[in-house]
$ cat structure_27.csv   # CSV, C-alpha atoms
chain,number,residue,atom,x,y,z
A,18,MET,CA,-8.2,25.8,76.0
A,19,PRO,CA,-9.1,23.5,78.9
A,20,GLY,CA,-12.1,21.3,78.6
A,21,VAL,CA,-14.2,18.6,80.2
A,22,ARG,CA,-14.6,15.0,79.1
A,23,VAL,CA,-18.2,13.9,79.3
A,24,ARG,CA,-19.5,10.4,79.4
A,25,CYS,CA,-22.6,10.1,77.2
A,26,ALA,CA,-25.0,7.1,76.9
A,27,GLN,CA,-26.1,6.1,73.5
A,28,GLY,CA,-28.3,3.1,73.4
A,29,SER,CA,-26.4,0.3,75.1
A,30,ASP,CA,-23.0,1.9,74.4
A,31,LEU,CA,-21.1,4.5,76.4
A,32,VAL,CA,-19.1,7.1,74.4
A,33,TYR,CA,-17.2,10.1,75.4
A,34,SER,CA,-17.4,13.7,74.2
A,35,ARG,CA,-15.3,16.7,75.0
A,36,LEU,CA,-16.5,20.2,75.9
A,37,SER,CA,-13.9,22.8,74.7
A,38,MET,CA,-15.0,25.6,77.0
A,39,PRO,CA,-13.1,27.8,79.5
A,40,THR,CA,-13.1,26.4,83.0
A,41,ARG,CA,-14.7,29.6,84.3
A,42,SER,CA,-17.7,29.1,82.0
A,43,LEU,CA,-18.3,25.6,83.3
A,44,LYS,CA,-18.6,26.9,86.8
A,45,ARG,CA,-21.8,28.6,85.8
A,46,LEU,CA,-24.0,25.7,86.9
A,47,ALA,CA,-27.1,27.2,85.2
A,48,ILE,CA,-25.7,26.5,81.8
A,49,LEU,CA,-23.9,23.2,82.6
A,50,PRO,CA,-26.8,20.8,81.7
A,51,MET,CA,-27.3,22.5,78.4
A,52,LEU,CA,-23.6,22.2,77.6
A,53,LEU,CA,-23.6,18.5,78.5
A,54,ALA,CA,-26.6,17.9,76.3
A,55,ILE,CA,-25.0,19.7,73.4
A,56,ALA,CA,-21.8,17.6,73.8
A,57,CYS,CA,-23.6,14.3,73.8
A,58,THR,CA,-25.9,15.3,70.9
A,59,SER,CA,-22.8,16.3,68.9
A,60,GLN,CA,-21.2,13.0,69.6
A,61,ALA,CA,-24.3,11.1,68.5
A,62,VAL,CA,-24.4,13.1,65.2
A,63,ARG,CA,-20.7,12.2,64.6
A,64,GLU,CA,-21.4,8.5,65.3
A,65,THR,CA,-24.2,8.4,62.7
A,66,ARG,CA,-21.9,9.8,60.1
A,67,LEU,CA,-19.3,7.1,60.4
A,68,PRO,CA,-19.2,4.8,57.4
A,69,SER,CA,-19.1,1.0,57.6
A,70,VAL,CA,-16.0,-0.8,59.1
A,71,ALA,CA,-14.9,-2.0,55.6
A,72,ALA,CA,-15.2,1.5,54.1
A,73,ARG,CA,-13.4,3.2,57.0
A,74,HIS,CA,-10.6,0.8,56.9
A,75,THR,CA,-9.8,1.6,53.2
A,76,SER,CA,-9.5,5.4,53.8
A,77,SER,CA,-5.8,5.7,53.8
A,78,GLN,CA,-5.9,9.5,53.2
A,79,ALA,CA,-7.9,10.1,56.3
A,80,ALA,CA,-5.6,7.8,58.3
A,81,ALA,CA,-2.6,9.9,57.3
A,82,LEU,CA,-4.3,13.1,58.6
A,83,ALA,CA,-5.7,11.7,61.8
A,84,ALA,CA,-3.6,11.6,65.0
A,85,PRO,CA,-3.2,8.2,66.8
A,86,ALA,CA,-5.5,7.7,69.7
A,87,PRO,CA,-3.4,7.1,72.8
A,88,LEU,CA,-3.7,3.9,74.8
A,89,ALA,CA,-4.6,4.0,78.5
A,90,ALA,CA,-1.8,5.0,80.7
A,91,PRO,CA,0.3,2.1,82.1
A,92,THR,CA,-0.9,0.8,85.5
A,93,ASP,CA,-0.2,-2.2,87.7
A,94,ASP,CA,-3.9,-3.3,87.4
A,95,PRO,CA,-4.2,-5.3,84.2
A,96,ALA,CA,-7.8,-4.3,83.9
A,97,HIS,CA,-6.8,-0.6,83.5
A,98,LYS,CA,-4.3,-1.4,80.7
A,99,PHE,CA,-7.4,-1.3,78.5
A,100,ASP,CA,-9.7,1.6,77.8
A,101,PRO,CA,-12.4,1.3,79.0
A,102,PRO,CA,-11.1,-0.9,81.9
A,103,ALA,CA,-11.7,-4.6,81.4
A,104,GLU,CA,-13.7,-5.5,84.4
A,105,LEU,CA,-14.8,-9.1,85.2
A,106,ARG,CA,-18.6,-9.5,84.8
A,107,LEU,CA,-20.0,-12.2,87.0
A,108,PRO,CA,-23.5,-13.7,86.4
A,109,THR,CA,-26.4,-12.6,88.6
A,110,GLY,CA,-27.6,-15.0,91.3
A,111,LEU,CA,-24.2,-16.4,92.0
A,112,LEU,CA,-24.3,-18.5,95.2
A,113,ALA,CA,-21.6,-18.4,97.9
A,114,GLY,CA,-18.8,-20.8,97.0
A,115,GLU,CA,-20.1,-21.4,93.5
A,116,ARG,CA,-17.6,-21.5,90.6
A,117,VAL,CA,-18.5,-20.7,87.1
A,118,PRO,CA,-16.9,-20.8,83.6
A,119,LEU,CA,-15.0,-17.8,82.4
A,120,LEU,CA,-15.1,-16.6,78.8
A,121,LEU,CA,-12.5,-14.1,77.5
A,122,VAL,CA,-14.4,-12.5,74.6
A,123,LEU,CA,-12.5,-10.6,71.9
A,124,HIS,CA,-14.2,-8.2,69.5
A,125,GLY,CA,-13.6,-7.8,65.8
A,126,PHE,CA,-11.7,-5.0,63.9
A,127,GLY,CA,-13.5,-1.7,64.3
A,128,VAL,CA,-16.2,-3.1,66.7
A,129,PRO,CA,-16.1,-1.8,70.2
A,130,SER,CA,-16.5,-4.4,72.9
A,131,GLY,CA,-19.7,-2.8,74.1
A,132,LEU,CA,-21.3,-3.2,70.7
A,133,LEU,CA,-20.4,-6.9,70.5
A,134,ILE,CA,-21.8,-7.4,74.0
A,135,ALA,CA,-25.1,-5.8,73.0
A,136,LYS,CA,-25.3,-7.5,69.6
A,137,ALA,CA,-24.8,-10.9,71.0
A,138,GLY,CA,-27.0,-10.2,74.1
A,139,LEU,CA,-24.0,-11.4,76.2
A,140,ASP,CA,-25.3,-10.2,79.6
A,141,HIS,CA,-28.5,-12.1,79.2
A,142,ILE,CA,-26.8,-15.3,78.0
A,143,ALA,CA,-24.2,-15.1,80.8
A,144,ASP,CA,-26.9,-14.8,83.4
A,145,GLN,CA,-29.0,-17.6,81.8
A,146,LYS,CA,-26.1,-20.0,81.4
A,147,LYS,CA,-24.2,-18.9,84.5
A,148,PHE,CA,-20.8,-17.9,83.2
A,149,ALA,CA,-18.5,-14.9,83.8
A,150,TYR,CA,-16.9,-13.0,81.1
A,151,LEU,CA,-14.1,-10.5,80.3
A,152,ALA,CA,-14.6,-8.4,77.2
A,153,PRO,CA,-11.6,-6.1,76.9
A,154,GLU,CA,-11.2,-3.6,74.1
A,155,GLY,CA,-8.1,-3.3,71.9
A,156,GLY,CA,-6.1,-0.2,71.2
A,157,ARG,CA,-7.3,2.2,68.6
A,158,ASP,CA,-5.7,3.0,65.3
A,159,THR,CA,-5.4,6.4,63.6
A,160,LEU,CA,-9.0,6.4,62.6
A,161,GLY,CA,-10.2,5.5,66.1
A,162,ARG,CA,-11.1,1.9,65.3
A,163,PRO,CA,-10.4,-0.7,68.1
A,164,TYR,CA,-8.2,-3.6,66.9
A,165,TRP,CA,-6.0,-6.4,68.1
A,166,ASN,CA,-2.4,-6.9,67.0
A,167,ALA,CA,-2.7,-10.6,66.3
A,168,GLY,CA,0.3,-10.8,63.9
A,169,LYS,CA,1.2,-9.8,60.4
A,170,SER,CA,-2.1,-10.8,58.9
A,171,CYS,CA,-4.5,-8.9,61.1
A,172,CYS,CA,-4.9,-6.2,62.1
A,173,ASP,CA,-2.1,-3.8,63.2
A,174,LEU,CA,-2.6,-1.7,60.1
A,175,ASP,CA,-0.7,1.3,61.5
A,176,HIS,CA,2.2,-0.9,62.6
A,177,ARG,CA,2.1,0.3,66.1
A,178,GLN,CA,3.4,-3.0,67.5
A,179,VAL,CA,1.2,-3.1,70.6
A,180,ASP,CA,1.9,-6.3,72.7
A,181,ASP,CA,-1.6,-7.5,73.0
A,182,VAL,CA,-0.5,-11.0,73.9
A,183,THR,CA,1.1,-9.8,77.1
A,184,ARG,CA,-1.8,-7.5,78.0
A,185,LEU,CA,-4.4,-10.2,77.6
A,186,ARG,CA,-2.3,-12.8,79.4
A,187,GLN,CA,-1.9,-10.5,82.4
A,188,LEU,CA,-5.6,-9.8,82.4
A,189,LEU,CA,-6.5,-13.4,82.3
A,190,ASP,CA,-4.0,-14.4,85.0
A,191,ALA,CA,-5.3,-11.6,87.3
A,192,ASN,CA,-8.8,-13.0,87.1
A,193,LEU,CA,-8.0,-16.7,87.3
A,194,SER,CA,-7.4,-16.2,91.0
A,195,ASN,CA,-11.0,-15.1,91.6
A,196,ALA,CA,-12.7,-17.6,93.8
A,197,ALA,CA,-15.8,-17.6,91.6
A,198,ILE,CA,-13.9,-18.8,88.5
A,199,ASP,CA,-13.6,-22.5,87.7
A,200,PRO,CA,-10.1,-22.9,86.4
A,201,LYS,CA,-11.0,-26.0,84.4
A,202,ARG,CA,-13.6,-24.1,82.4
A,203,VAL,CA,-11.8,-21.1,80.9
A,204,PHE,CA,-12.4,-20.4,77.2
A,205,LEU,CA,-11.3,-17.8,74.6
A,206,ILE,CA,-13.8,-16.7,72.0
A,207,GLY,CA,-13.0,-14.2,69.3
A,208,TYR,CA,-14.8,-12.7,66.3
A,209,SER,CA,-12.9,-11.8,63.1
A,210,ASN,CA,-9.8,-9.9,64.3
A,211,GLY,CA,-10.7,-11.3,67.7
A,212,GLY,CA,-10.6,-14.8,66.2
A,213,PHE,CA,-7.0,-14.2,65.0
A,214,MET,CA,-6.2,-12.9,68.4
A,215,ALA,CA,-7.8,-15.7,70.4
A,216,GLN,CA,-5.7,-18.3,68.4
A,217,ARG,CA,-2.5,-16.2,68.8
A,218,LEU,CA,-3.1,-16.0,72.5
A,219,ALA,CA,-3.9,-19.7,72.8
A,220,CYS,CA,-0.3,-20.4,71.8
A,221,ASP,CA,0.8,-18.4,74.9
A,222,VAL,CA,-1.7,-19.4,77.5
A,223,GLY,CA,-2.7,-22.9,76.4
A,224,ASP,CA,-1.9,-24.3,79.8
A,225,ARG,CA,-4.5,-22.0,81.4
A,226,ILE,CA,-7.5,-22.5,79.1
A,227,ALA,CA,-9.7,-25.4,78.1
A,228,GLY,CA,-10.7,-24.2,74.6
A,229,VAL,CA,-10.8,-21.6,71.9
A,230,VAL,CA,-13.7,-20.6,69.6
A,231,SER,CA,-12.7,-18.6,66.6
A,232,VAL,CA,-15.4,-17.0,64.4
A,233,ALA,CA,-14.1,-15.9,61.0
A,234,GLY,CA,-10.5,-16.0,62.2
A,235,ALA,CA,-7.3,-17.7,61.1
A,236,ALA,CA,-4.3,-19.5,62.6
A,237,PRO,CA,-1.1,-17.8,63.6
A,238,ALA,CA,1.7,-17.5,61.0
A,239,PRO,CA,4.1,-20.4,60.7
A,240,ASP,CA,7.0,-18.3,62.1
A,241,VAL,CA,5.0,-17.6,65.4
A,242,PRO,CA,6.2,-19.8,68.2
A,243,CYS,CA,3.3,-21.9,69.6
A,244,ALA,CA,4.1,-23.7,72.8
A,245,GLN,CA,0.7,-25.4,73.0
A,246,ASN,CA,1.4,-28.7,74.8
A,247,SER,CA,-1.8,-29.1,76.9
A,248,PRO,CA,-5.0,-30.7,75.7
A,249,LEU,CA,-7.3,-28.1,74.1
A,250,ALA,CA,-10.7,-27.9,72.4
A,251,PHE,CA,-10.6,-25.8,69.2
A,252,LEU,CA,-13.5,-24.7,67.1
A,253,GLU,CA,-13.4,-22.6,63.9
A,254,ILE,CA,-16.7,-21.2,62.6
A,255,HIS,CA,-16.5,-19.6,59.1
A,256,GLY,CA,-18.8,-18.6,56.4
A,257,ASP,CA,-17.7,-19.9,53.0
A,258,ALA,CA,-18.9,-16.6,51.4
A,259,ASP,CA,-16.9,-14.4,53.8
A,260,PRO,CA,-15.7,-11.3,51.8
A,261,ILE,CA,-13.4,-10.0,54.5
A,262,VAL,CA,-11.5,-13.0,56.0
A,263,HIS,CA,-11.7,-15.4,53.0
A,264,TYR,CA,-12.7,-19.0,53.7
A,265,ALA,CA,-10.2,-20.1,51.1
A,266,GLY,CA,-7.4,-17.9,52.5
A,267,GLY,CA,-6.1,-14.6,51.3
A,268,THR,CA,-5.6,-11.2,52.9
A,269,VAL,CA,-8.1,-9.3,55.1
A,270,PHE,CA,-10.1,-6.8,53.1
A,271,ASP,CA,-8.0,-7.9,50.1
A,272,ARG,CA,-5.3,-5.6,51.3
A,273,ALA,CA,-1.9,-5.8,49.6
A,274,ASP,CA,0.1,-4.4,52.7
A,275,VAL,CA,-0.6,-7.4,55.1
A,276,SER,CA,0.5,-11.0,55.0
A,277,ALA,CA,-1.8,-13.7,53.8
A,278,HIS,CA,-3.9,-15.6,56.3
A,279,THR,CA,-4.6,-19.3,56.3
A,280,SER,CA,-7.8,-20.8,54.9
A,281,ALA,CA,-10.5,-22.3,57.2
A,282,HIS,CA,-9.3,-25.8,56.5
A,283,GLU,CA,-5.7,-24.9,57.0
A,284,THR,CA,-6.6,-23.3,60.3
A,285,ALA,CA,-8.3,-26.4,61.5
A,286,ASN,CA,-5.3,-28.5,60.3
A,287,TYR,CA,-2.9,-26.2,62.1
A,288,TRP,CA,-4.5,-27.1,65.5
A,289,ALA,CA,-4.9,-30.7,64.5
A,290,GLN,CA,-1.2,-30.9,64.1
A,291,HIS,CA,-0.5,-29.2,67.4
A,292,LEU,CA,-3.0,-31.4,69.2
A,293,SER,CA,-1.8,-34.7,67.6
A,294,CYS,CA,-5.0,-35.5,65.9
A,295,THR,CA,-5.2,-38.5,63.6
A,296,GLY,CA,-6.6,-38.8,60.1
A,297,GLY,CA,-8.3,-35.9,58.4
A,298,LEU,CA,-11.5,-33.9,58.7
A,299,HIS,CA,-14.6,-35.9,58.4
A,300,ASP,CA,-18.3,-35.0,58.3
A,301,VAL,CA,-20.3,-35.3,61.5
A,302,GLN,CA,-23.6,-33.5,61.0
A,303,THR,CA,-25.4,-30.4,59.8
A,304,LEU,CA,-26.9,-27.7,61.9
A,305,ASP,CA,-29.3,-24.8,61.3
A,306,LEU,CA,-27.5,-21.9,63.0
A,307,GLU,CA,-28.2,-18.9,60.8
A,308,PRO,CA,-31.8,-17.6,60.4
A,309,TYR,CA,-30.9,-15.7,57.2
A,310,VAL,CA,-29.5,-18.8,55.4
A,311,PRO,CA,-32.1,-21.4,54.3
A,312,ALA,CA,-32.1,-25.0,55.6
A,313,GLU,CA,-29.4,-26.7,57.7
A,314,GLU,CA,-26.6,-24.5,56.3
A,315,THR,CA,-23.8,-25.4,58.7
A,316,SER,CA,-21.7,-28.5,58.1
A,317,VAL,CA,-19.8,-29.8,61.1
A,318,GLN,CA,-16.4,-31.6,60.5
A,319,ARG,CA,-14.1,-33.0,63.1
A,320,TYR,CA,-10.7,-34.6,63.6
A,321,ASP,CA,-10.3,-37.8,65.6
A,322,GLY,CA,-7.8,-38.9,68.2
A,323,CYS,CA,-6.9,-35.3,69.4
A,324,ARG,CA,-5.5,-34.2,72.7
A,325,GLY,CA,-8.7,-32.4,73.1
A,326,ALA,CA,-10.9,-31.6,70.1
A,327,VAL,CA,-10.7,-29.9,66.7
A,328,GLU,CA,-13.8,-29.0,64.7
A,329,LEU,CA,-14.6,-26.8,61.7
A,330,TRP,CA,-18.1,-25.5,61.2
A,331,THR,CA,-18.7,-24.2,57.7
A,332,VAL,CA,-21.7,-21.9,57.2
A,333,ARG,CA,-22.6,-22.5,53.6
A,334,GLY,CA,-23.6,-19.2,52.1
A,335,GLY,CA,-22.6,-17.4,55.2
A,336,GLY,CA,-20.8,-14.1,55.1
A,337,HIS,CA,-18.5,-12.5,57.6
A,338,TYR,CA,-21.0,-11.8,60.4
A,339,VAL,CA,-22.0,-15.3,61.5
A,340,ALA,CA,-22.5,-17.0,64.9
A,341,LEU,CA,-24.1,-13.9,66.5
A,342,GLN,CA,-27.7,-15.2,66.7
A,343,PRO,CA,-29.2,-17.4,69.5
A,344,PRO,CA,-29.1,-20.7,67.6
A,345,ALA,CA,-25.3,-20.4,67.0
A,346,LEU,CA,-24.6,-19.0,70.5
A,347,GLU,CA,-26.4,-22.0,72.0
A,348,ALA,CA,-24.4,-24.4,69.9
A,349,ILE,CA,-21.1,-22.6,70.8
A,350,TRP,CA,-22.1,-22.8,74.5
A,351,SER,CA,-22.8,-26.6,74.2
A,352,PHE,CA,-19.3,-27.1,72.5
A,353,VAL,CA,-17.4,-25.3,75.3
A,354,LEU,CA,-19.4,-26.8,78.1
A,355,SER,CA,-18.6,-30.3,76.8
A,356,HIS,CA,-14.9,-29.7,76.8
A,357,PRO,CA,-13.6,-28.8,80.3
A,358,LYS,CA,-9.9,-28.8,80.8
A,359,GLU,CA,-8.5,-32.3,81.2
A,360,GLY,CA,-6.4,-33.4,84.2

$ encode --input "structure_27.csv" --output "C-alpha cells"
Amino acid sequence: MPGVRVRCAQGSDLVYSRLSMPTRSLKRLAILPMLLAIACTSQAVRETRLPSVAARHTSSQAAALAAPAPLAAPTDDPAHKFDPPAELRLPTGLLAGERVPLLLVLHGFGVPSGLLIAKAGLDHIADQKKFAYLAPEGGRDTLGRPYWNAGKSCCDLDHRQVDDVTRLRQLLDANLSNAAIDPKRVFLIGYSNGGFMAQRLACDVGDRIAGVVSVAGAAPAPDVPCAQNSPLAFLEIHGDADPIVHYAGGTVFDRADVSAHTSAHETANYWAQHLSCTGGLHDVQTLDLEPYVPAEETSVQRYDGCRGAVELWTVRGGGHYVALQPPALEAIWSFVLSHPKEG
C-alpha cells in the first residue's frame, strides 16, 4: 500500500514517520492535518518506548528480526551521502571575506547527530566562538541506531563494512574549498564511537587537519595503515570509570564479538609515536570540567617534543558521558584554538 513520509518535529530533533494510507485517501484535504498529527504522535510514542543505548545494543534477538535500514542513495554531492544530508553550518554574523575554523563533529553509537548538537548546545557555541561545523550522521544498523565503522573494535556490529573513511574524507574535502573556511584551523572531534572514527579518519586526512579531539575513544588497531606525517594536535579525554569504552582497555560494552580497544594511555602513546614525541606523559595541571564530579577532577598530562601536541585528560570518577558541559567545551575550544596547523 502506498504511503507518505512525514517530517515531524520533536523538541530540537526532526524525525520521520510514515502514513500507510491509500493515495486516494490522502487527497481528501479535510482529513490530512489529522492524519499528519496522528503520524507524528505515533512516532513520539515509539521514541519514548526506546530503551537506553546500552540496553538496545545487547538485544541480539531483536537485531535478527529487524531489517537493515538502507543508507541514502549514492550521489555526487558528498553531503547527500549521509541521511540526513550533512550540510555545512556557518556561524551567524559572518563578515564578508572572514574565515573561520571548521569542526567535523562525529556522534557516538546510537546517538543521532541532532541529539548531540542539542545536548552540547553546539549552535550557540558556534555562533559565540565563531566557527563552522559539519555534523554528519552515520549509517544505521539493524536496530536503527546510527554508528560509524571505525574498525574492528567499534562499532560495525552488523558487519556491513560501510566505508565511512571515504565518505567523511569526501565530505571534508568538499567543504574545505568554501571561502569562509580557514584551512589552517580544521579539527575533528568525536564522542565515543565518534572518537574512534575521528582517530581512524585522522590517519587518512592528517595533511588536511590541524587537530583531533577524541572523547571516550581509542586508537586505530595496529594493522590499520596510518600515514600521518604532518604535525597534529591530539587530545584524548576519558573518564576513568567509563563502563562502555574502558579506560584501561577492553571491548566496547564488554562484547565478546569485537576486537579489544586500546587503553586511554595506550591511545595517547599511539599518537606520541606517530608524532615523534619525546619522553613519557607528565602531569601538567588539574581542571574542574565536570559539574557532577567534586573538586578539580580532571588531570592533564602531556608529551613533550611532539610534531604538534599530544595530551591526555583523565576525568577521575568520570563515566562515559563526559565533556558535554560548558566548562569542558570551553577547555576543548581553548585547546583547538591554540593549535592551528603549522606551515

$ closest_residue --input "structure_27.csv" --among "A:Asn286, A:Ser209, A:Ser170, A:Gln245" --to "A:Gly336" --atoms "only C-alpha atoms"
A:Ser209

$ closest_residue --input "structure_27.csv" --among "A:Gly110, A:Pro200, A:Gly138, A:Gly267" --to "A:Leu346" --atoms "all atoms listed in the file"
A:Gly138

$ closest_residue --input "structure_27.csv" --among "A:Arg272, A:His124, A:His263, A:His255" --to "A:Arg162" --atoms "only C-alpha atoms"
A:His124

$ residues_around --input "structure_27.csv" --residues "stretch 234-237 of chain A" --least-positions-apart "6" --cutoff "8 Å" --atoms "all atoms listed in the file" --output "mmCIF file with C-alpha atoms, in the coordinates of the input"
data_model
loop_
_atom_site.group_PDB
_atom_site.id
_atom_site.type_symbol
_atom_site.label_atom_id
_atom_site.label_comp_id
_atom_site.auth_asym_id
_atom_site.auth_seq_id
_atom_site.Cartn_x
_atom_site.Cartn_y
_atom_site.Cartn_z
ATOM 1 C CA ALA A 167 -2.700 -10.600 66.300
ATOM 2 C CA GLY A 168 0.300 -10.800 63.900
ATOM 3 C CA GLY A 207 -13.000 -14.200 69.300
ATOM 4 C CA TYR A 208 -14.800 -12.700 66.300
ATOM 5 C CA SER A 209 -12.900 -11.800 63.100
ATOM 6 C CA ASN A 210 -9.800 -9.900 64.300
ATOM 7 C CA GLY A 211 -10.700 -11.300 67.700
ATOM 8 C CA GLY A 212 -10.600 -14.800 66.200
ATOM 9 C CA PHE A 213 -7.000 -14.200 65.000
ATOM 10 C CA GLN A 216 -5.700 -18.300 68.400
ATOM 11 C CA ARG A 217 -2.500 -16.200 68.800
ATOM 12 C CA GLU A 253 -13.400 -22.600 63.900
ATOM 13 C CA HIS A 255 -16.500 -19.600 59.100
ATOM 14 C CA VAL A 262 -11.500 -13.000 56.000
ATOM 15 C CA HIS A 278 -3.900 -15.600 56.300
ATOM 16 C CA THR A 279 -4.600 -19.300 56.300
ATOM 17 C CA SER A 280 -7.800 -20.800 54.900
ATOM 18 C CA ALA A 281 -10.500 -22.300 57.200
ATOM 19 C CA GLU A 283 -5.700 -24.900 57.000
ATOM 20 C CA THR A 284 -6.600 -23.300 60.300
ATOM 21 C CA TYR A 287 -2.900 -26.200 62.100
#

$ atom_distance --input "structure_27.csv" --atom1 "atom CA of A:Phe99" --atom2 "atom CA of A:Val229"
21.6 Å

$ atom_distance --input "structure_27.csv" --atom1 "atom CA of A:Met214" --atom2 "atom CA of A:Ala137"
18.9 Å

$ atom_distance --input "structure_27.csv" --atom1 "atom CA of A:Val241" --atom2 "atom CA of A:Trp350"
29.1 Å

$ residues_near_point --input "structure_27.csv" --point "(-31.7, -18.2, 56.7)" --cutoff "12 Å" --atoms "only C-alpha atoms" --output "list in words"
Leu304, Asp305, Leu306, Glu307, Pro308, Tyr309, Val310, Pro311, Ala312, Glu313, Glu314, Thr315, Val332, Arg333, Gly334, Gly335, Gly336, Val339, Gln342 and Pro344 of chain A

$ closest_residue --input "structure_27.csv" --among "A:Ala135, A:Leu123, A:Ala143, A:Val275" --to "A:Val232" --atoms "all atoms listed in the file"
A:Leu123

$ closest_residue --input "structure_27.csv" --among "A:Leu112, A:Lys146, A:Leu121, A:Phe251" --to "A:Glu347" --atoms "only C-alpha atoms"
A:Lys146
